[in-house]
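Engineer: Quick one: the structure is below, questions incoming.
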Amino acid sequence: MPNVKVLNMQGAEVGQIALADDVFGVEVHVSAMHTVVRAILNAKRQGTQSARTRTEVRGGGRKIYRQKGTGNARHHGRRAPQFTHGGVVFAPKPRSYRIDVPKAIRRLAMKSALTCKVNDEEIVVLDKIELPEAKTKLVAQMLKTLGCEKKALIVTKDVDRTVVRAAGNIPGVKVAHVGCLNVVDILNCDKFIISQDAVKQVESIYSMQEEAE
């Protein structure tokens, strides 16, 4: 059971927390994380690309010259793919790029991503994440104190609009709550900052006891 220091927003240690092995200490499955990341990124694609085939391009329909006797290749219309302004071979059409991933794989990928943050010592547990007002300088000061100068993911238990507004103007910083946490955001951050109550919420959702139920 991995133990992690619990800090306050000023960077001082105020205790320790024992993370659940079945959530933050599992065997890392790279293939599961790859599948889920691919599914998330694919779901963001609009899939509206479209081009015209030779049957959809305007013009053509009249044979450009006789079949034999010209010494040229045999052609029908000028809208064939080899001609300028012709159609496109195997033209892309609107489609959905979504991939269905089983629930067990999604849970395994989430646990693997959380374990990676613990193994790489990139997780920062805070006793609480509260701001008196939505000021960017408050979040910037907290990140500087915690040594989070690059990309950071701040996770709260529930939606905290004050924190969201305060961190919205800081490049590389993203705020999420437990309900919208995903593997891409976890793997993409250099520091995973999470409140202590959010840790308990994550463990209650992804623990083995919850799966058994």
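Going by the structure tokens order, chains are called A, B, ..., each with residues numbered from 1, while ligands are numbered from 1 in the order shown.
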I want to know what sits within 12 Å of Met142 (chain A), based on only C-alpha atoms, with residues of the same chain fewer than 2 positions away left out; could you give that as a VMD selection string?

Structural biologist: chain A and resid 7 to 12 124 126 129 to 131 135 to 140 144 to 149 152 154 163 166 to 167 193

Engineer: Dump N, CA and C atoms for the selected residues as a PDB file, in the first residue's frame?

Structural biologist:
ATOM      1  N   LEU A   7       0.056  17.402   1.613  1.00  0.00           N
ATOM      2  CA  LEU A   7       0.525  18.772   1.743  1.00  0.00           C
ATOM      3  C   LEU A   7      -0.662  19.722   1.821  1.00  0.00           C
ATOM      4  N   ASN A   8      -0.390  20.914   2.314  1.00  0.00           N
ATOM      5  CA  ASN A   8      -1.393  21.959   2.205  1.00  0.00           C
ATOM      6  C   ASN A   8      -1.072  22.829   0.996  1.00  0.00           C
ATOM      7  N   MET A   9      -1.886  23.824   0.727  1.00  0.00           N
ATOM      8  CA  MET A   9      -1.704  24.642  -0.466  1.00  0.00           C
ATOM      9  C   MET A   9      -0.468  25.529  -0.382  1.00  0.00           C
ATOM     10  N   GLN A  10       0.136  25.611   0.799  1.00  0.00           N
ATOM     11  CA  GLN A  10       1.379  26.381   0.956  1.00  0.00           C
ATOM     12  C   GLN A  10       2.608  25.497   0.830  1.00  0.00           C
ATOM     13  N   GLY A  11       2.404  24.193   0.564  1.00  0.00           N
ATOM     14  CA  GLY A  11       3.522  23.283   0.346  1.00  0.00           C
ATOM     15  C   GLY A  11       4.053  22.624   1.596  1.00  0.00           C
ATOM     16  N   ALA A  12       3.451  22.841   2.744  1.00  0.00           N
ATOM     17  CA  ALA A  12       3.917  22.244   3.995  1.00  0.00           C
ATOM     18  C   ALA A  12       3.263  20.879   4.186  1.00  0.00           C
ATOM     19  N   VAL A 124       0.528  14.654  -6.312  1.00  0.00           N
ATOM     20  CA  VAL A 124       0.594  15.572  -5.179  1.00  0.00           C
ATOM     21  C   VAL A 124      -0.780  15.579  -4.521  1.00  0.00           C
ATOM     22  N   LEU A 126      -3.223  17.037  -1.712  1.00  0.00           N
ATOM     23  CA  LEU A 126      -3.433  18.195  -0.846  1.00  0.00           C
ATOM     24  C   LEU A 126      -4.551  17.903   0.145  1.00  0.00           C
ATOM     25  N   ILE A 129      -8.437  21.736  -1.479  1.00  0.00           N
ATOM     26  CA  ILE A 129      -8.220  22.708  -2.554  1.00  0.00           C
ATOM     27  C   ILE A 129      -9.373  23.699  -2.497  1.00  0.00           C
ATOM     28  N   GLU A 130      -9.117  24.811  -1.851  1.00  0.00           N
ATOM     29  CA  GLU A 130     -10.139  25.843  -1.685  1.00  0.00           C
ATOM     30  C   GLU A 130      -9.528  27.209  -1.934  1.00  0.00           C
ATOM     31  N   LEU A 131     -10.267  28.052  -2.619  1.00  0.00           N
ATOM     32  CA  LEU A 131      -9.823  29.417  -2.895  1.00  0.00           C
ATOM     33  C   LEU A 131     -10.854  30.403  -2.369  1.00  0.00           C
ATOM     34  N   LYS A 135      -9.075  34.070  -8.269  1.00  0.00           N
ATOM     35  CA  LYS A 135      -7.934  34.866  -8.679  1.00  0.00           C
ATOM     36  C   LYS A 135      -6.853  33.947  -9.248  1.00  0.00           C
ATOM     37  N   THR A 136      -6.393  34.266 -10.447  1.00  0.00           N
ATOM     38  CA  THR A 136      -5.377  33.446 -11.094  1.00  0.00           C
ATOM     39  C   THR A 136      -4.087  33.407 -10.291  1.00  0.00           C
ATOM     40  N   LYS A 137      -3.743  34.509  -9.646  1.00  0.00           N
ATOM     41  CA  LYS A 137      -2.481  34.573  -8.909  1.00  0.00           C
ATOM     42  C   LYS A 137      -2.464  33.590  -7.736  1.00  0.00           C
ATOM     43  N   LEU A 138      -3.631  33.262  -7.180  1.00  0.00           N
ATOM     44  CA  LEU A 138      -3.683  32.307  -6.085  1.00  0.00           C
ATOM     45  C   LEU A 138      -3.299  30.901  -6.552  1.00  0.00           C
ATOM     46  N   VAL A 139      -3.817  30.511  -7.704  1.00  0.00           N
ATOM     47  CA  VAL A 139      -3.475  29.199  -8.252  1.00  0.00           C
ATOM     48  C   VAL A 139      -2.021  29.181  -8.716  1.00  0.00           C
ATOM     49  N   ALA A 140      -1.570  30.265  -9.355  1.00  0.00           N
ATOM     50  CA  ALA A 140      -0.189  30.343  -9.808  1.00  0.00           C
ATOM     51  C   ALA A 140       0.778  30.255  -8.631  1.00  0.00           C
ATOM     52  N   LYS A 144       3.514  27.215  -7.976  1.00  0.00           N
ATOM     53  CA  LYS A 144       4.922  27.534  -7.787  1.00  0.00           C
ATOM     54  C   LYS A 144       5.442  26.950  -6.482  1.00  0.00           C
ATOM     55  N   THR A 145       4.631  27.038  -5.442  1.00  0.00           N
ATOM     56  CA  THR A 145       5.024  26.491  -4.143  1.00  0.00           C
ATOM     57  C   THR A 145       5.170  24.972  -4.198  1.00  0.00           C
ATOM     58  N   LEU A 146       4.299  24.315  -4.949  1.00  0.00           N
ATOM     59  CA  LEU A 146       4.333  22.855  -5.052  1.00  0.00           C
ATOM     60  C   LEU A 146       5.338  22.362  -6.074  1.00  0.00           C
ATOM     61  N   GLY A 147       6.016  23.277  -6.780  1.00  0.00           N
ATOM     62  CA  GLY A 147       7.004  22.882  -7.786  1.00  0.00           C
ATOM     63  C   GLY A 147       6.384  22.377  -9.067  1.00  0.00           C
ATOM     64  N   CYS A 148       5.198  22.863  -9.401  1.00  0.00           N
ATOM     65  CA  CYS A 148       4.501  22.443 -10.618  1.00  0.00           C
ATOM     66  C   CYS A 148       4.625  23.553 -11.661  1.00  0.00           C
ATOM     67  N   GLU A 149       5.759  23.600 -12.316  1.00  0.00           N
ATOM     68  CA  GLU A 149       6.009  24.679 -13.269  1.00  0.00           C
ATOM     69  C   GLU A 149       5.530  24.344 -14.677  1.00  0.00           C
ATOM     70  N   ALA A 152      -0.036  20.689 -15.407  1.00  0.00           N
ATOM     71  CA  ALA A 152      -0.584  20.177 -14.157  1.00  0.00           C
ATOM     72  C   ALA A 152      -2.075  19.913 -14.318  1.00  0.00           C
ATOM     73  N   ILE A 154      -5.368  19.553 -11.896  1.00  0.00           N
ATOM     74  CA  ILE A 154      -5.909  19.763 -10.558  1.00  0.00           C
ATOM     75  C   ILE A 154      -7.252  19.049 -10.475  1.00  0.00           C
ATOM     76  N   VAL A 163     -12.206  27.415  -8.565  1.00  0.00           N
ATOM     77  CA  VAL A 163     -10.908  26.897  -8.983  1.00  0.00           C
ATOM     78  C   VAL A 163     -10.818  26.854 -10.501  1.00  0.00           C
ATOM     79  N   ALA A 166     -10.200  30.360 -11.725  1.00  0.00           N
ATOM     80  CA  ALA A 166      -8.889  30.865 -11.318  1.00  0.00           C
ATOM     81  C   ALA A 166      -7.756  30.248 -12.137  1.00  0.00           C
ATOM     82  N   ALA A 167      -7.929  28.996 -12.559  1.00  0.00           N
ATOM     83  CA  ALA A 167      -6.862  28.309 -13.297  1.00  0.00           C
ATOM     84  C   ALA A 167      -7.050  28.377 -14.808  1.00  0.00           C
ATOM     85  N   ILE A 193      -2.309  16.796  -9.286  1.00  0.00           N
ATOM     86  CA  ILE A 193      -2.637  17.407  -7.999  1.00  0.00           C
ATOM     87  C   ILE A 193      -4.075  17.059  -7.660  1.00  0.00           C
TER      88      ILE A 193
END

Engineer: From the DSSP assignment of the backbone, select every residue of region 16-211 of chain A that is helix (DSSP H, G or I), and format the answer as number ranges by chain.

Structural biologist: A: 21-24, 30-43, 103-119, 136-146, 161-167, 178-180, 183-188, 196-206, 208-211

Engineer: For region 48-54 of chain A, find every residue with an atom within 12 Å (counting only C-alpha atoms), except residues of its own chain fewer than 6 positions away, and show them as number ranges by chain.

Structural biologist: A: 60-61, 76-97

Engineer: Skipping near chain neighbours, those fewer than 5 positions away, what residues fall within 10 Å of Lys117 (chain A) using only C-alpha atoms, listed as JSON, numbers by chain?

Structural biologist: {"A": [24, 112, 122, 123, 124, 186, 187, 189, 190, 191, 192]}

Engineer: Between A:His29, A:Leu114, A:Pro132, A:Asp185, which has the minimum distance to Arg161 (chain A) (counting only C-alpha atoms)?

Structural biologist: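 For Arg161 (chain A), the nearest of the given residues is A:Pro132.
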
Engineer: Near region 155-159 of chain A, counting only C-alpha atoms, which residues have an atom at most 6 Å away, once you skip same-chain residues fewer than 2 positions from it, shown as a PyMOL selection string?

Structural biologist: chain A and resi 175-178+194-195+198

Engineer: Pull C-alpha atoms from the residues just selected and write them as a compact mmCIF listing (two decimals), in the first residue's frame.

Structural biologist:
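So the final result, stored in part-v1.txt, reads:
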# COMPACT_ATOMS: atom_id res chain seq x y z
CA VAL A 175 -9.02 21.47 -13.66
CA ALA A 176 -11.23 18.40 -13.44
CA HIS A 177 -13.47 16.74 -10.90
CA VAL A 178 -13.62 13.03 -10.17
CA ILE A 194 -5.59 15.93 -6.16
CA SER A 195 -7.39 16.77 -2.95
CA ALA A 198 -11.08 13.34 -4.14

Engineer: Nearest residue to Gln196 (chain A) out of A:Val30, A:Ala134, A:Val173, A:Val125, using only C-alpha atoms?

Structural biologist: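 Selected residue with least distance to Gln196 (chain A): A:Val125.
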
Engineer: What separation in Å, quoted to one decimal, exists between CA of Val118 (chain A) and CA of Val183 (chain A)?

Structural biologist: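 Here the two named atoms are 14.2 Å from each other.
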
Engineer: To one decimal in Å, tell me the separation between CA of Asp160 (chain A) and CA of Gln201 (chain A).

Structural biologist: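 Pair CA of Asp160 (chain A) / CA of Gln201 (chain A) returns 15.3 Å.
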
Engineer: Could you pull the residues within 9 Å of Val28 (chain A), counting only C-alpha atoms, minus those fewer than 6 positions along the same chain, as a list in words?

Structural biologist: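 Using only C-alpha atoms, the neighbours found are Leu108, Ala109, Lys111, Ser112, Ala113, Thr115 and Cys116 of chain A.
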
Engineer: Restricting it to all heavy atoms, dump the selection as an mmCIF file, in the first residue's frame.

Structural biologist:
data_model
loop_
_atom_site.group_PDB
_atom_site.id
_atom_site.type_symbol
_atom_site.label_atom_id
_atom_site.label_comp_id
_atom_site.auth_asym_id
_atom_site.auth_seq_id
_atom_site.Cartn_x
_atom_site.Cartn_y
_atom_site.Cartn_z
ATOM 1 N N LEU A 108 -9.430 -0.703 -15.979
ATOM 2 C CA LEU A 108 -8.039 -1.118 -15.884
ATOM 3 C C LEU A 108 -7.103 -0.020 -16.367
ATOM 4 O O LEU A 108 -6.034 0.221 -15.778
ATOM 5 C CB LEU A 108 -7.825 -2.402 -16.702
ATOM 6 C CG LEU A 108 -6.414 -2.990 -16.713
ATOM 7 C CD1 LEU A 108 -5.966 -3.329 -15.295
ATOM 8 C CD2 LEU A 108 -6.362 -4.219 -17.596
ATOM 9 N N ALA A 109 -7.475 0.673 -17.431
ATOM 10 C CA ALA A 109 -6.653 1.763 -17.951
ATOM 11 C C ALA A 109 -6.573 2.918 -16.951
ATOM 12 O O ALA A 109 -5.505 3.520 -16.760
ATOM 13 C CB ALA A 109 -7.214 2.253 -19.281
ATOM 14 N N LYS A 111 -6.902 2.746 -13.642
ATOM 15 C CA LYS A 111 -6.047 2.325 -12.528
ATOM 16 C C LYS A 111 -4.568 2.328 -12.933
ATOM 17 O O LYS A 111 -3.700 2.714 -12.139
ATOM 18 C CB LYS A 111 -6.452 0.926 -12.062
ATOM 19 C CG LYS A 111 -7.831 0.853 -11.439
ATOM 20 C CD LYS A 111 -8.146 -0.579 -11.025
ATOM 21 C CE LYS A 111 -9.529 -0.696 -10.411
ATOM 22 N NZ LYS A 111 -9.836 -2.084 -9.990
ATOM 23 N N SER A 112 -4.289 1.905 -14.150
ATOM 24 C CA SER A 112 -2.901 1.886 -14.628
ATOM 25 C C SER A 112 -2.348 3.299 -14.719
ATOM 26 O O SER A 112 -1.187 3.550 -14.355
ATOM 27 C CB SER A 112 -2.823 1.188 -15.990
ATOM 28 O OG SER A 112 -3.228 -0.164 -15.896
ATOM 29 N N ALA A 113 -3.149 4.232 -15.201
ATOM 30 C CA ALA A 113 -2.704 5.626 -15.303
ATOM 31 C C ALA A 113 -2.444 6.218 -13.922
ATOM 32 O O ALA A 113 -1.434 6.917 -13.708
ATOM 33 C CB ALA A 113 -3.742 6.455 -16.052
ATOM 34 N N THR A 115 -1.659 4.539 -11.241
ATOM 35 C CA THR A 115 -0.467 3.876 -10.712
ATOM 36 C C THR A 115 0.801 4.460 -11.307
ATOM 37 O O THR A 115 1.822 4.606 -10.612
ATOM 38 C CB THR A 115 -0.542 2.363 -10.999
ATOM 39 O OG1 THR A 115 -1.726 1.820 -10.397
ATOM 40 C CG2 THR A 115 0.676 1.641 -10.441
ATOM 41 N N CYS A 116 0.754 4.816 -12.586
ATOM 42 C CA CYS A 116 1.930 5.428 -13.222
ATOM 43 C C CYS A 116 2.312 6.728 -12.529
ATOM 44 O O CYS A 116 3.502 7.027 -12.344
ATOM 45 C CB CYS A 116 1.650 5.682 -14.705
ATOM 46 S SG CYS A 116 1.645 4.212 -15.735
#

Engineer: Restricting the calculation to only C-alpha atoms, which member of A:Val202, A:Asn169, A:Glu121, A:Arg66 is positioned closest to Lys5 (chain A)?

Structural biologist: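 Checking each candidate against Lys5 (chain A), we get A:Glu121 as the closest.
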
Engineer: Just how far from CA of Val199 (chain A) is CA of Val164 (chain A), in Å to one decimal?

Structural biologist: 18.7 Å

Engineer: Would you mind listing what lies within 7 Å of Tyr206 (chain A) as number ranges by chain, with only C-alpha atoms counted and same-chain residues fewer than 3 positions away left out?

Structural biologist: A: 23, 107, 202-203, 210

Engineer: So which residues of region 7-147 of chain A fall under strand (DSSP E or B) by DSSP, listed as a list in words?

Structural biologist: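 Output for region 7-147 of chain A, strand (DSSP E or B) only: Leu7, Glu13, Val14, Gly15, Gln16, Ile17, Ala18, Ile123, Val124, Val125 and Leu126 of chain A.
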